[in-house]
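Have a look at the structure below before the remarks.
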Amino acid sequence: MKFNKLGLLFMAGAVLLAACGGTTDSSNKSSSTETAGSQQANNDIKTVAFITDTNGVDDRSFNQSAWEGMVEWGDENNLTRGNAGYQYFQSSNESDYIPNIDQALNAGFQTVFGIGYKLVSSMEEQAKANPNVNFVMVDEVISGLDNVVSATFKSEEAAYLAGLAAAYTTKTDKVGFIGGVQVAVIEVFDAGFRQGVADAAKDLGKDIKVVSQYAGAFDAPDKGRTIAQAMYAQDIDVIYAAAGATGNGLFQEAKSLNEVQDKKVWVIGVDRDQTEEGNYEKDGEKLNFTLASTLKQVGETVKDLATKANSGEFPGGEHIVYGLEEEGVGLTDGQLTEDVKNKIETARQAIIDGTITVKATLK
């Protein structure tokens with residue numbers, strides 16, 4: 001399944017999104033005010049629910065990408081948010097996962113999406129107990145259940161390209177990586193990034209140092225800013241973060257520095273195009289410090305699988321992997337020079353062709 005077939009994917013995502021409108025929180029506040037009476041969709045369209053992790057739908061990262069895809073899906077299918085369409089259930093902490101899934105099931109949602117590895121045990125438990133409901137586990141794998149499809153991404157491939165971008169851009173020959181919690185799904189970013197930096201350094205005939213640090217949380221922008229501050233103080237001038245909302249602190253620190261100092265520092269965004277977060281002004285000039293952003297097409301995946309759930313083609317029991325070849329991950333052009341963009345495009349094609357193999361672990 002390739003993302004160059006995005007027409008099909010968008011249709012699929014649109015169906016999913018339509019089914020899951022509205023927001024709730026862990027205190028059982030549902031969006032009942034967004035009534036099903038406003039629903040204009042065909043009655044044959046199955047409803048879709050989206051269970052967030054603790055970062056919420058406005059984390060400027062993974063959850064937000066998924067929710068934006070769901071909203072697009074709903075719009076494309078003339079659906080509104082609510083129990084008769086599509087809706088998200090906000091998790092304030094991990095103890096909210098099971099209650100939120102219960103709320104979705106009690107409201108009659110027929111397809112339930114869990115976004116992020118933290119939800120895997122809750123999703124698996126509920127999928128076993130509700131075999132007639134479709135479950136979609138995004139960014140983690142649940143095996144052996146016919147009503148569950150797992151969708152994961154070759155994030156290491158996009159991170160490799162980010163490593164190239166960082167190494168070809170740095171002027172200090174020092175770059176950084178900030179991770180959220182040190183788990184396998186985040187280590188793949190670290191591993192791919194390091195390999196990309198190493199290969200670019202070899203091409204340049206340089207010794208480029210990579211400093212990696214994990215914040216231990218995905219919802220701690222203050223920690224992210226503190227780590228970024230220390231890295232920039234070490235003369236690191238490009239930092240890539242895969243840390244959820246914790247990464248917002250990196251953007252805050254980069255903006256603060258770029259507004260007052262002459263030396264430019266850069267940020268590489270993650271999961272979605274974070275160019276907007278890199279805007280700043282200096283001496284009356286509008287500038288940007290987001291060098292590029294790695295993309296994880298979560299929104300397109302949501303749309304694709306939502307559509308399949310509504311067309312009788314739900315791939316239950318399957319594990320679908322999206323990489324560069326499927327256009328499920330990638331890197332934006334951002335502020336990259338033409339020369340660097342050309343080098344990255346060459347590497348991207350080499351990964352697709354199998355000439356370059358990117359490691360997915362730090363070992």
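For the structure tokens, the naming scheme is as follows: chains receive sequential letters (A, B, ...) according to their order of presentation, residues are indexed from 1 within each chain, and ligands are indexed from 1 in presentation order.
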Q: Do a neighbour search on Leu161 of chain A at 7 Å with only C-alpha atoms, toss out local chain neighbours closer than 4 positions, and write the hits as a PyMOL selection string.
A: chain A and resi 157+165+196+331+344
Q.
I'd like to know which residues of segment 77-281 of chain A are helix (DSSP H, G or I) (by DSSP, run on the backbone); could you write them as an MDAnalysis selection string?
A. chainID A and resid 94:106 117:129 155:169 184:204 221:233 244:260 276:278
Q.
When you look at segment 291-308 of chain A with a cut-off of 8 Å (counting only C-alpha atoms), what residues show up, excluding the ones that are within fewer than 3 positions of it in the same chain? I need them as a PyMOL selection string.
A. chain A and resi 6+8-17+48+62+65-70+73+111+136+138+151+153+155+158-159+162+165+266-275+311-315+327-336
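Among the candidates A:Val188, A:Leu324, A:Val175, A:Ala254, the one nearest to Asp139 of chain A when counting only C-alpha atoms is A:Val188.
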Q. Could you pull out all residues of segment 121-347 of chain A with a DSSP call of strand (DSSP E or B) and give them as a PyMOL selection string?
A. chain A and resi 134-138+148-153+174-179+209-214+238-242+266-269+279-282+285-288+290-296+319-322+329-331
Write a file of the selected residues as a compact mmCIF listing (two decimals), in the first residue's frame, keeping N, CA and C atoms.
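See result.txt below for the written result:
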# COMPACT_ATOMS: atom_id res chain seq x y z
N ASN A 134 -14.13 -2.73 15.41
CA ASN A 134 -12.82 -2.58 14.77
C ASN A 134 -11.91 -1.72 15.64
N PHE A 135 -10.69 -2.17 15.83
CA PHE A 135 -9.69 -1.40 16.57
C PHE A 135 -8.47 -1.16 15.69
N VAL A 136 -7.92 0.06 15.78
CA VAL A 136 -6.71 0.41 15.02
C VAL A 136 -5.66 0.87 16.01
N MET A 137 -4.54 0.16 16.05
CA MET A 137 -3.42 0.52 16.93
C MET A 137 -2.35 1.19 16.09
N VAL A 138 -2.13 2.48 16.34
CA VAL A 138 -1.17 3.26 15.55
C VAL A 138 0.13 3.42 16.31
N VAL A 148 -8.29 -6.26 14.95
CA VAL A 148 -7.29 -5.20 15.18
C VAL A 148 -6.34 -5.12 14.00
N VAL A 149 -6.12 -3.91 13.49
CA VAL A 149 -5.07 -3.67 12.52
C VAL A 149 -4.03 -2.78 13.19
N SER A 150 -2.76 -3.11 12.98
CA SER A 150 -1.67 -2.33 13.55
C SER A 150 -0.97 -1.57 12.44
N ALA A 151 -0.69 -0.30 12.69
CA ALA A 151 -0.02 0.55 11.71
C ALA A 151 1.22 1.15 12.34
N THR A 152 2.38 0.85 11.77
CA THR A 152 3.63 1.42 12.27
C THR A 152 4.39 2.08 11.13
N PHE A 153 5.44 2.80 11.48
CA PHE A 153 6.17 3.60 10.50
C PHE A 153 7.67 3.36 10.60
N LYS A 174 28.67 20.02 15.65
CA LYS A 174 28.04 19.43 16.82
C LYS A 174 26.52 19.53 16.64
N VAL A 175 25.84 18.38 16.72
CA VAL A 175 24.38 18.37 16.57
C VAL A 175 23.78 17.59 17.73
N GLY A 176 22.49 17.79 17.98
CA GLY A 176 21.86 17.15 19.13
C GLY A 176 20.57 16.44 18.80
N PHE A 177 20.21 15.48 19.65
CA PHE A 177 18.94 14.77 19.56
C PHE A 177 18.30 14.76 20.94
N ILE A 178 17.02 15.15 21.03
CA ILE A 178 16.27 15.11 22.27
C ILE A 178 15.14 14.12 22.11
N GLY A 179 15.12 13.09 22.95
CA GLY A 179 14.05 12.11 22.93
C GLY A 179 13.10 12.33 24.10
N LYS A 209 30.00 15.47 15.90
CA LYS A 209 29.56 14.86 17.15
C LYS A 209 28.05 14.94 17.30
N VAL A 210 27.46 13.83 17.77
CA VAL A 210 26.02 13.79 18.07
C VAL A 210 25.85 13.63 19.58
N VAL A 211 25.11 14.54 20.19
CA VAL A 211 24.78 14.45 21.61
C VAL A 211 23.31 14.11 21.74
N SER A 212 23.00 12.97 22.40
CA SER A 212 21.61 12.54 22.58
C SER A 212 21.25 12.59 24.06
N GLN A 213 20.03 13.03 24.34
CA GLN A 213 19.54 13.05 25.71
C GLN A 213 18.04 12.84 25.71
N TYR A 214 17.56 12.08 26.71
CA TYR A 214 16.14 11.79 26.83
C TYR A 214 15.57 12.53 28.04
N VAL A 238 22.38 22.56 15.74
CA VAL A 238 21.20 21.92 15.13
C VAL A 238 20.71 20.85 16.10
N ILE A 239 19.42 20.90 16.47
CA ILE A 239 18.85 19.90 17.38
C ILE A 239 17.59 19.31 16.76
N TYR A 240 17.51 17.99 16.80
CA TYR A 240 16.34 17.25 16.33
C TYR A 240 15.67 16.63 17.55
N ALA A 241 14.37 16.79 17.67
CA ALA A 241 13.65 16.24 18.82
C ALA A 241 12.54 15.32 18.39
N ALA A 242 12.43 14.17 19.06
CA ALA A 242 11.29 13.26 18.91
C ALA A 242 10.76 13.07 20.32
N TRP A 266 19.36 26.01 14.91
CA TRP A 266 18.33 25.37 14.13
C TRP A 266 17.59 24.30 14.92
N VAL A 267 16.36 24.02 14.50
CA VAL A 267 15.56 22.92 15.04
C VAL A 267 15.06 22.09 13.86
N ILE A 268 15.08 20.78 14.03
CA ILE A 268 14.44 19.89 13.07
C ILE A 268 13.18 19.35 13.73
N GLY A 269 12.03 19.62 13.12
CA GLY A 269 10.75 19.21 13.68
C GLY A 269 10.47 17.74 13.45
N ASN A 279 8.91 30.37 13.24
CA ASN A 279 8.87 31.78 12.83
C ASN A 279 9.34 32.70 13.96
N TYR A 280 10.11 33.72 13.59
CA TYR A 280 10.50 34.76 14.55
C TYR A 280 10.89 36.02 13.79
N GLU A 281 11.00 37.09 14.50
CA GLU A 281 11.39 38.37 13.90
C GLU A 281 12.64 38.90 14.57
N LYS A 282 13.50 39.50 13.76
CA LYS A 282 14.72 40.11 14.28
C LYS A 282 15.05 41.33 13.44
N GLU A 285 12.88 41.94 10.53
CA GLU A 285 12.86 40.95 9.44
C GLU A 285 12.22 39.66 9.92
N LYS A 286 11.34 39.09 9.11
CA LYS A 286 10.69 37.82 9.44
C LYS A 286 11.60 36.67 9.01
N LEU A 287 11.93 35.81 9.97
CA LEU A 287 12.87 34.72 9.73
C LEU A 287 12.29 33.40 10.24
N ASN A 288 13.03 32.31 10.03
CA ASN A 288 12.56 31.01 10.46
C ASN A 288 13.76 30.13 10.82
N THR A 290 13.24 26.64 11.68
CA THR A 290 12.94 25.22 11.47
C THR A 290 13.67 24.77 10.21
N LEU A 291 14.76 24.06 10.40
CA LEU A 291 15.58 23.64 9.27
C LEU A 291 14.79 22.72 8.34
N ALA A 292 14.07 21.77 8.91
CA ALA A 292 13.23 20.82 8.17
C ALA A 292 12.39 20.09 9.21
N SER A 293 11.49 19.24 8.76
CA SER A 293 10.69 18.43 9.69
C SER A 293 10.56 17.02 9.12
N THR A 294 10.77 16.03 9.98
CA THR A 294 10.47 14.67 9.55
C THR A 294 8.96 14.47 9.63
N LEU A 295 8.42 13.76 8.67
CA LEU A 295 6.98 13.55 8.59
C LEU A 295 6.63 12.10 8.88
N LYS A 296 5.59 11.92 9.64
CA LYS A 296 4.99 10.61 9.85
C LYS A 296 3.52 10.81 9.49
N HIS A 319 -0.59 -6.23 10.10
CA HIS A 319 0.36 -5.21 10.55
C HIS A 319 0.87 -4.50 9.30
N ILE A 320 0.50 -3.25 9.14
CA ILE A 320 0.87 -2.46 7.96
C ILE A 320 2.00 -1.51 8.33
N VAL A 321 3.06 -1.53 7.53
CA VAL A 321 4.24 -0.70 7.80
C VAL A 321 4.39 0.33 6.69
N TYR A 322 4.57 1.59 7.08
CA TYR A 322 4.69 2.69 6.13
C TYR A 322 6.10 3.28 6.22
N VAL A 329 6.49 8.18 5.48
CA VAL A 329 7.39 9.06 6.23
C VAL A 329 8.15 9.90 5.21
N GLY A 330 8.79 10.95 5.69
CA GLY A 330 9.55 11.81 4.77
C GLY A 330 10.19 12.97 5.50
N LEU A 331 10.72 13.90 4.73
CA LEU A 331 11.37 15.09 5.28
C LEU A 331 10.97 16.29 4.43
(Q) Between atom CA of Gly163 of chain A and atom CA of Leu257 of chain A, what distance in Å does the model show, to one decimal? (A)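 One can read the atom CA of Gly163 of chain A to atom CA of Leu257 of chain A distance as 22.3 Å.
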Q: Grab the atom CA of Glu124 of chain A to atom CA of Ala191 of chain A distance for me, in Å with one decimal place.
A: 28.2 Å
**Q.** Long-range neighbours of Lys359 of chain A as a list in words, 10 Å cut-off, only C-alpha atoms, 6 positions minimum in chain
**A.** Lys154, Glu156, Glu157, Tyr160, Val188, Phe189, Asp190, Ala191, Gly192, Phe193, Arg194 and Gln195 of chain A
Kindly save the residues from that selection, with N, CA and C atoms included, as a PDB file, in the first residue's frame.
ATOM      1  N   LYS A 154       8.324   3.429   9.466  1.00  0.00           N
ATOM      2  CA  LYS A 154       9.781   3.325   9.456  1.00  0.00           C
ATOM      3  C   LYS A 154      10.368   4.700   9.756  1.00  0.00           C
ATOM      4  N   GLU A 156      12.867   5.519  11.347  1.00  0.00           N
ATOM      5  CA  GLU A 156      14.330   5.602  11.206  1.00  0.00           C
ATOM      6  C   GLU A 156      14.739   6.119   9.835  1.00  0.00           C
ATOM      7  N   GLU A 157      13.913   5.830   8.811  1.00  0.00           N
ATOM      8  CA  GLU A 157      14.266   6.295   7.465  1.00  0.00           C
ATOM      9  C   GLU A 157      14.164   7.814   7.359  1.00  0.00           C
ATOM     10  N   TYR A 160      16.982   9.362   9.369  1.00  0.00           N
ATOM     11  CA  TYR A 160      18.247   9.316   8.637  1.00  0.00           C
ATOM     12  C   TYR A 160      18.398  10.558   7.763  1.00  0.00           C
ATOM     13  N   VAL A 188      14.285   4.525  17.584  1.00  0.00           N
ATOM     14  CA  VAL A 188      14.449   4.403  16.132  1.00  0.00           C
ATOM     15  C   VAL A 188      14.782   5.757  15.511  1.00  0.00           C
ATOM     16  N   PHE A 189      14.226   6.848  16.056  1.00  0.00           N
ATOM     17  CA  PHE A 189      14.567   8.182  15.571  1.00  0.00           C
ATOM     18  C   PHE A 189      16.043   8.483  15.853  1.00  0.00           C
ATOM     19  N   ASP A 190      16.456   8.186  17.065  1.00  0.00           N
ATOM     20  CA  ASP A 190      17.834   8.426  17.493  1.00  0.00           C
ATOM     21  C   ASP A 190      18.804   7.647  16.608  1.00  0.00           C
ATOM     22  N   ALA A 191      18.492   6.365  16.384  1.00  0.00           N
ATOM     23  CA  ALA A 191      19.372   5.510  15.589  1.00  0.00           C
ATOM     24  C   ALA A 191      19.494   6.001  14.152  1.00  0.00           C
ATOM     25  N   GLY A 192      18.362   6.305  13.526  1.00  0.00           N
ATOM     26  CA  GLY A 192      18.393   6.780  12.144  1.00  0.00           C
ATOM     27  C   GLY A 192      19.113   8.106  12.018  1.00  0.00           C
ATOM     28  N   PHE A 193      18.873   8.999  12.968  1.00  0.00           N
ATOM     29  CA  PHE A 193      19.522  10.312  12.967  1.00  0.00           C
ATOM     30  C   PHE A 193      21.033  10.166  13.055  1.00  0.00           C
ATOM     31  N   ARG A 194      21.498   9.351  13.980  1.00  0.00           N
ATOM     32  CA  ARG A 194      22.944   9.168  14.147  1.00  0.00           C
ATOM     33  C   ARG A 194      23.581   8.600  12.881  1.00  0.00           C
ATOM     34  N   GLN A 195      22.899   7.632  12.262  1.00  0.00           N
ATOM     35  CA  GLN A 195      23.454   7.033  11.049  1.00  0.00           C
ATOM     36  C   GLN A 195      23.527   8.053   9.921  1.00  0.00           C
TER      37      GLN A 195
END
Q.
Just the number, please: distance in Å from atom CA of Thr226 of chain A to atom CA of Ala245 of chain A, one decimal.
A.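 It comes out at 13.8 Å.
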